[in-house]
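Trainee: One file is attached below, start.cif, containing mmCIF, C-alpha atoms, pLDDT in the B column; chains and numbers go by the auth columns.
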```cif
data_target
loop_
_atom_site.group_PDB
_atom_site.id
_atom_site.type_symbol
_atom_site.label_atom_id
_atom_site.label_comp_id
_atom_site.label_asym_id
_atom_site.label_seq_id
_atom_site.Cartn_x
_atom_site.Cartn_y
_atom_site.Cartn_z
_atom_site.B_iso_or_equiv
_atom_site.auth_seq_id
_atom_site.auth_asym_id
ATOM 1 C CA MET A 1 36.291 35.403 74.652 51.00 20 A
ATOM 2 C CA GLN A 2 38.925 35.360 77.009 69.00 21 A
ATOM 3 C CA ILE A 3 41.480 36.571 74.579 70.00 22 A
ATOM 4 C CA VAL A 4 39.290 39.564 73.763 61.00 23 A
ATOM 5 C CA ASP A 5 38.853 40.377 77.456 71.00 24 A
ATOM 6 C CA ILE A 6 42.533 40.083 78.019 73.00 25 A
ATOM 7 C CA LEU A 7 43.201 42.224 74.987 66.00 26 A
ATOM 8 C CA ALA A 8 40.673 44.811 76.184 66.00 27 A
ATOM 9 C CA LEU A 9 42.386 44.895 79.502 70.00 28 A
ATOM 10 C CA LEU A 10 45.790 45.219 77.923 72.00 29 A
ATOM 11 C CA VAL A 11 44.913 47.995 75.440 70.00 30 A
ATOM 12 C CA PRO A 12 43.520 50.997 77.269 70.00 31 A
ATOM 13 C CA ASN A 13 40.732 53.209 76.128 76.00 32 A
ATOM 14 C CA ILE A 14 42.006 56.082 74.018 83.00 33 A
ATOM 15 C CA TRP A 15 40.001 58.723 75.893 85.00 34 A
ATOM 16 C CA THR A 16 41.251 57.449 79.175 83.00 35 A
ATOM 17 C CA ALA A 17 44.809 57.535 77.904 80.00 36 A
ATOM 18 C CA ILE A 18 44.406 61.124 76.634 91.00 37 A
ATOM 19 C CA THR A 19 42.872 62.199 79.925 93.00 38 A
ATOM 20 C CA GLN A 20 45.664 60.570 81.858 90.00 39 A
ATOM 21 C CA LEU A 21 48.262 62.165 79.623 92.00 40 A
ATOM 22 C CA CYS A 22 46.641 65.592 80.075 96.00 41 A
ATOM 23 C CA ALA A 23 46.459 65.122 83.837 96.00 42 A
ATOM 24 C CA THR A 24 50.069 64.035 83.880 95.00 43 A
ATOM 25 C CA ALA A 25 51.039 67.093 81.773 95.00 44 A
ATOM 26 C CA VAL A 26 49.142 69.417 84.125 95.00 45 A
ATOM 27 C CA LEU A 27 50.793 67.713 87.114 93.00 46 A
ATOM 28 C CA PHE A 28 54.267 68.042 85.540 91.00 47 A
ATOM 29 C CA PHE A 29 53.563 71.699 84.640 91.00 48 A
ATOM 30 C CA ALA A 30 52.408 72.433 88.199 90.00 49 A
ATOM 31 C CA LEU A 31 55.422 70.630 89.699 87.00 50 A
ATOM 32 C CA TYR A 32 57.721 72.453 87.276 86.00 51 A
ATOM 33 C CA LYS A 33 56.314 75.847 88.240 86.00 52 A
ATOM 34 C CA LEU A 34 55.850 75.176 91.954 87.00 53 A
ATOM 35 C CA ALA A 35 58.731 72.855 92.824 85.00 54 A
ATOM 36 C CA TYR A 36 61.373 72.502 90.119 85.00 55 A
ATOM 37 C CA LYS A 37 62.057 76.211 89.517 83.00 56 A
ATOM 38 C CA PRO A 38 62.382 77.127 93.234 84.00 57 A
ATOM 39 C CA VAL A 39 64.434 74.017 93.993 87.00 58 A
ATOM 40 C CA LYS A 40 66.633 74.674 90.932 89.00 59 A
ATOM 41 C CA LYS A 41 67.003 78.305 92.044 90.00 60 A
ATOM 42 C CA ILE A 42 68.022 77.154 95.561 91.00 61 A
ATOM 43 C CA LEU A 43 70.419 74.560 94.130 91.00 62 A
ATOM 44 C CA ASP A 44 71.939 77.133 91.735 93.00 63 A
ATOM 45 C CA ALA A 45 72.390 79.591 94.604 94.00 64 A
ATOM 46 C CA ARG A 46 73.981 76.880 96.722 94.00 65 A
ATOM 47 C CA SER A 47 76.225 75.862 93.812 94.00 66 A
ATOM 48 C CA GLU A 48 77.252 79.490 93.269 95.00 67 A
ATOM 49 C CA TYR A 49 77.911 79.864 97.037 95.00 68 A
ATOM 50 C CA GLU A 50 80.078 76.728 97.024 95.00 69 A
ATOM 51 C CA GLN A 51 81.907 77.890 93.885 95.00 70 A
ATOM 52 C CA ASN A 52 82.626 81.223 95.613 95.00 71 A
ATOM 53 C CA ARG A 53 83.865 79.416 98.688 94.00 72 A
ATOM 54 C CA LEU A 54 86.120 77.224 96.524 95.00 73 A
ATOM 55 C CA ALA A 55 87.449 80.310 94.731 95.00 74 A
ATOM 56 C CA GLU A 56 88.103 81.998 98.097 95.00 75 A
ATOM 57 C CA ALA A 57 89.829 78.847 99.350 94.00 76 A
ATOM 58 C CA ASP A 58 92.018 78.782 96.214 94.00 77 A
ATOM 59 C CA ALA A 59 92.854 82.474 96.677 95.00 78 A
ATOM 60 C CA LEU A 60 93.731 81.862 100.331 95.00 79 A
ATOM 61 C CA LYS A 61 95.821 78.869 99.350 95.00 80 A
ATOM 62 C CA LYS A 62 97.749 80.944 96.795 96.00 81 A
ATOM 63 C CA GLU A 63 98.156 83.749 99.338 95.00 82 A
ATOM 64 C CA ASN A 64 99.429 81.260 101.907 95.00 83 A
ATOM 65 C CA GLU A 65 101.880 79.821 99.386 95.00 84 A
ATOM 66 C CA GLU A 66 103.148 83.334 98.592 95.00 85 A
ATOM 67 C CA MET A 67 103.461 84.089 102.296 95.00 86 A
ATOM 68 C CA LYS A 68 105.282 80.797 102.775 95.00 87 A
ATOM 69 C CA LYS A 69 107.716 81.706 99.993 95.00 88 A
ATOM 70 C CA GLN A 70 108.240 85.147 101.535 95.00 89 A
ATOM 71 C CA MET A 71 108.818 83.632 104.958 95.00 90 A
ATOM 72 C CA GLU A 72 111.282 81.126 103.519 94.00 91 A
ATOM 73 C CA ALA A 73 113.108 83.978 101.782 94.00 92 A
ATOM 74 C CA GLU A 74 113.155 85.976 105.026 94.00 93 A
ATOM 75 C CA LEU A 75 114.374 82.915 106.922 93.00 94 A
ATOM 76 C CA ALA A 76 117.126 82.437 104.351 92.00 95 A
ATOM 77 C CA LYS A 77 118.094 86.109 104.746 94.00 96 A
ATOM 78 C CA ALA A 78 118.033 85.759 108.525 93.00 97 A
ATOM 79 C CA ASP A 79 120.143 82.605 108.276 92.00 98 A
ATOM 80 C CA ASP A 80 122.652 84.405 106.062 93.00 99 A
ATOM 81 C CA LYS A 81 122.688 87.363 108.446 94.00 100 A
ATOM 82 C CA ALA A 82 123.221 85.007 111.405 93.00 101 A
ATOM 83 C CA ARG A 83 126.111 83.365 109.581 93.00 102 A
ATOM 84 C CA GLU A 84 127.609 86.792 108.880 94.00 103 A
ATOM 85 C CA VAL A 85 127.238 87.800 112.524 93.00 104 A
ATOM 86 C CA ILE A 86 128.812 84.534 113.663 94.00 105 A
ATOM 87 C CA GLU A 87 131.688 84.991 111.206 94.00 106 A
ATOM 88 C CA GLU A 88 132.198 88.585 112.355 93.00 107 A
ATOM 89 C CA ALA A 89 132.131 87.458 115.984 93.00 108 A
ATOM 90 C CA ARG A 90 134.660 84.726 115.212 93.00 109 A
ATOM 91 C CA GLN A 91 136.925 87.219 113.453 94.00 110 A
ATOM 92 C CA GLU A 92 136.539 89.701 116.312 93.00 111 A
ATOM 93 C CA GLY A 93 137.365 86.914 118.769 93.00 112 A
ATOM 94 C CA ASN A 94 140.480 86.029 116.784 93.00 113 A
ATOM 95 C CA ARG A 95 141.465 89.695 116.642 94.00 114 A
ATOM 96 C CA ILE A 96 140.988 90.077 120.401 94.00 115 A
ATOM 97 C CA LYS A 97 142.946 86.864 120.950 93.00 116 A
ATOM 98 C CA GLU A 98 145.810 88.176 118.838 94.00 117 A
ATOM 99 C CA VAL A 99 145.735 91.531 120.658 94.00 118 A
ATOM 100 C CA LEU A 100 145.766 89.779 124.035 94.00 119 A
ATOM 101 C CA GLU A 101 148.577 87.476 122.926 92.00 120 A
ATOM 102 C CA GLN A 102 150.565 90.470 121.670 94.00 121 A
ATOM 103 C CA GLU A 103 149.927 92.343 124.923 92.00 122 A
ATOM 104 C CA GLY A 104 150.981 89.256 126.852 91.00 123 A
ATOM 105 C CA LYS A 105 154.179 88.960 124.833 92.00 124 A
ATOM 106 C CA GLU A 106 154.935 92.645 125.288 93.00 125 A
ATOM 107 C CA LYS A 107 154.242 92.441 129.008 93.00 126 A
ATOM 108 C CA SER A 108 156.384 89.312 129.262 92.00 127 A
ATOM 109 C CA GLU A 109 159.204 90.980 127.350 92.00 128 A
ATOM 110 C CA GLN A 110 158.864 94.069 129.534 93.00 129 A
ATOM 111 C CA MET A 111 158.966 91.941 132.685 92.00 130 A
ATOM 112 C CA MET A 112 162.002 90.084 131.332 93.00 131 A
ATOM 113 C CA ALA A 113 163.734 93.384 130.525 92.00 132 A
ATOM 114 C CA GLU A 114 162.908 94.718 133.980 92.00 133 A
ATOM 115 C CA ALA A 115 164.195 91.489 135.538 91.00 134 A
ATOM 116 C CA ARG A 116 167.407 91.697 133.507 91.00 135 A
ATOM 117 C CA GLU A 117 167.810 95.326 134.479 92.00 136 A
ATOM 118 C CA ASP A 118 167.161 94.483 138.119 91.00 137 A
ATOM 119 C CA ILE A 119 169.654 91.620 137.937 92.00 138 A
ATOM 120 C CA GLU A 120 172.197 93.919 136.319 90.00 139 A
ATOM 121 C CA GLN A 121 171.627 96.545 138.997 90.00 140 A
ATOM 122 C CA GLN A 122 171.950 93.960 141.743 91.00 141 A
ATOM 123 C CA ARG A 123 175.094 92.604 140.067 87.00 142 A
ATOM 124 C CA SER A 124 176.570 96.085 139.786 87.00 143 A
ATOM 125 C CA LYS A 125 175.633 96.806 143.380 88.00 144 A
ATOM 126 C CA MET A 126 177.114 93.508 144.504 87.00 145 A
ATOM 127 C CA LEU A 127 180.306 94.122 142.514 83.00 146 A
ATOM 128 C CA SER A 128 180.506 97.612 143.955 84.00 147 A
ATOM 129 C CA GLU A 129 179.979 96.259 147.462 83.00 148 A
ATOM 130 C CA MET A 130 182.566 93.531 146.835 81.00 149 A
ATOM 131 C CA HIS A 131 184.944 96.120 145.471 80.00 150 A
ATOM 132 C CA GLU A 132 184.383 98.279 148.524 82.00 151 A
ATOM 133 C CA GLU A 133 184.837 95.277 150.821 78.00 152 A
ATOM 134 C CA ILE A 134 188.020 94.224 149.050 77.00 153 A
ATOM 135 C CA VAL A 135 189.308 97.785 149.289 76.00 154 A
ATOM 136 C CA ASN A 136 188.484 97.849 152.991 76.00 155 A
ATOM 137 C CA VAL A 137 190.152 94.488 153.593 71.00 156 A
ATOM 138 C CA ALA A 138 193.179 95.518 151.550 72.00 157 A
ATOM 139 C CA MET A 139 193.319 98.814 153.397 73.00 158 A
ATOM 140 C CA THR A 140 193.135 97.119 156.741 71.00 159 A
ATOM 141 C CA ALA A 141 195.793 94.649 155.741 67.00 160 A
ATOM 142 C CA THR A 142 198.008 97.341 154.302 69.00 161 A
ATOM 143 C CA GLU A 143 197.463 99.525 157.305 67.00 162 A
ATOM 144 C CA ARG A 144 198.632 96.844 159.589 60.00 163 A
ATOM 145 C CA LEU A 145 201.625 96.063 157.454 62.00 164 A
ATOM 146 C CA LEU A 146 202.817 99.521 156.841 64.00 165 A
ATOM 147 C CA ASN A 147 201.656 101.052 160.055 55.00 166 A
ATOM 148 C CA ASP A 148 201.688 104.679 159.125 49.00 167 A
ATOM 149 C CA LYS A 149 204.452 104.575 156.484 57.00 168 A
ATOM 150 C CA LEU A 150 202.206 106.093 153.843 58.00 169 A
ATOM 151 C CA ASN A 151 199.213 108.251 154.185 64.00 170 A
ATOM 152 C CA LYS A 152 195.682 106.903 153.632 68.00 171 A
ATOM 153 C CA LYS A 153 195.069 108.780 150.410 71.00 172 A
ATOM 154 C CA THR A 154 197.979 107.286 148.522 71.00 173 A
ATOM 155 C CA ASP A 155 197.213 103.866 150.032 68.00 174 A
ATOM 156 C CA ARG A 156 193.670 104.018 148.807 74.00 175 A
ATOM 157 C CA LYS A 157 194.825 105.003 145.326 76.00 176 A
ATOM 158 C CA ALA A 158 197.310 102.138 145.162 72.00 177 A
ATOM 159 C CA VAL A 159 194.711 99.606 146.328 73.00 178 A
ATOM 160 C CA ASP A 160 192.127 100.883 143.802 78.00 179 A
ATOM 161 C CA GLU A 161 194.656 100.476 140.998 77.00 180 A
ATOM 162 C CA PHE A 162 195.501 97.000 142.225 74.00 181 A
ATOM 163 C CA ILE A 163 191.770 96.007 142.246 77.00 182 A
ATOM 164 C CA LYS A 164 191.262 97.439 138.784 76.00 183 A
ATOM 165 C CA GLU A 165 194.140 95.355 137.503 72.00 184 A
ATOM 166 C CA VAL A 166 192.724 92.247 139.171 68.00 185 A
ATOM 167 C CA THR A 167 189.149 92.765 137.904 73.00 186 A
ATOM 168 C CA GLU A 168 190.228 93.571 134.337 69.00 187 A
ATOM 169 C CA LYS A 169 192.087 90.302 134.014 56.00 188 A
#
```
Represent the structure of the file as C-alpha cells.
Mentor:
Amino acid sequence: MQIVDILALLVPNIWTAITQLCATAVLFFALYKLAYKPVKKILDARSEYEQNRLAEADALKKENEEMKKQMEAELAKADDKAREVIEEARQEGNRIKEVLEQEGKEKSEQMMAEAREDIEQQRSKMLSEMHEEIVNVAMTATERLLNDKLNKKTDRKAVDEFIKEVTEK
C-alpha cells in the first residue's frame, strides 16, 4: 500500500489541477492587465526617452564635430593671415632698412662733398692768403732794395707775375 499512497501523492487530483490552472490563469490575466501593461508602457516610454536623448547626443556630437572643423578651418585661415602679415611686415622692414641705408649713404656722400668743398675753400683761402703774404714780403723786400726807384703799381705787377711763374711750375 505504500506504493499506492506514494503514487496518489505524486499524481494530483485532476479537478485540483484544473482549479489550480484556472486560478493561475486568472492570476496571470490580472497581473497582465494590472501590472505588465502599465510597467511595459512605463518601460517603453523610458526607452523612447533614452532613445531621444541618444539621438540628441548624436546630433550634438555631429554639430560639435562640424563646429570643430569650422574652427580648425578658421584657425588655418588665421594662421595663413598671420603668416601673410608677418611676411608683409618683414618686407616692409627690409624696405625701410634699404631706404634708411640709402638715406644714410646719400647723407654721408653729401657730408663728404661738403667736407671736400670746405677743404677746397680753405685751401683756396690759404693759397690766397699765402699769395698775399708772399706778395707783401716780396714788396717789402723790393721796397727796401729799390727804395723808391719804381712806383708801387709797377712793383706790384712785377711781383704778381713772378709769383704766377713760381706757382705754375
Trainee: Expressed in Å to a single decimal, how great is the separation between CA of Ile115 in chain A and CA of Ala97 in chain A?
Mentor: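 The value is 26.2 Å.
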Trainee: Could you work out how far CA of Met158 in chain A lies from CA of Thr173 in chain A, giving the answer in Å with one decimal?
Mentor: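 Atom-to-atom, CA of Thr173 in chain A to CA of Met158 in chain A, that is 10.8 Å.
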Trainee: Report, in Å with one decimal, the straight-line distance from CA of Lys60 in chain A to CA of Asp77 in chain A.
Mentor: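 Calculated distance between CA of Lys60 in chain A and CA of Asp77 in chain A is 25.4 Å.
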Trainee: Using all atoms listed in the file, determine which residues lie at most 9 Å from range 141-155 of chain A, disregarding the query and same-chain residues fewer than 3 positions distant; provide the list as a CSV table (one decimal) with C-alpha atoms, in the coordinates of the input.
Mentor:
```csv
chain,number,residue,atom,x,y,z
A,136,GLU,CA,167.8,95.3,134.5
A,137,ASP,CA,167.2,94.5,138.1
A,138,ILE,CA,169.7,91.6,137.9
A,158,MET,CA,193.3,98.8,153.4
A,159,THR,CA,193.1,97.1,156.7
A,160,ALA,CA,195.8,94.6,155.7
A,175,ARG,CA,193.7,104.0,148.8
A,178,VAL,CA,194.7,99.6,146.3
A,179,ASP,CA,192.1,100.9,143.8
A,182,ILE,CA,191.8,96.0,142.2
```
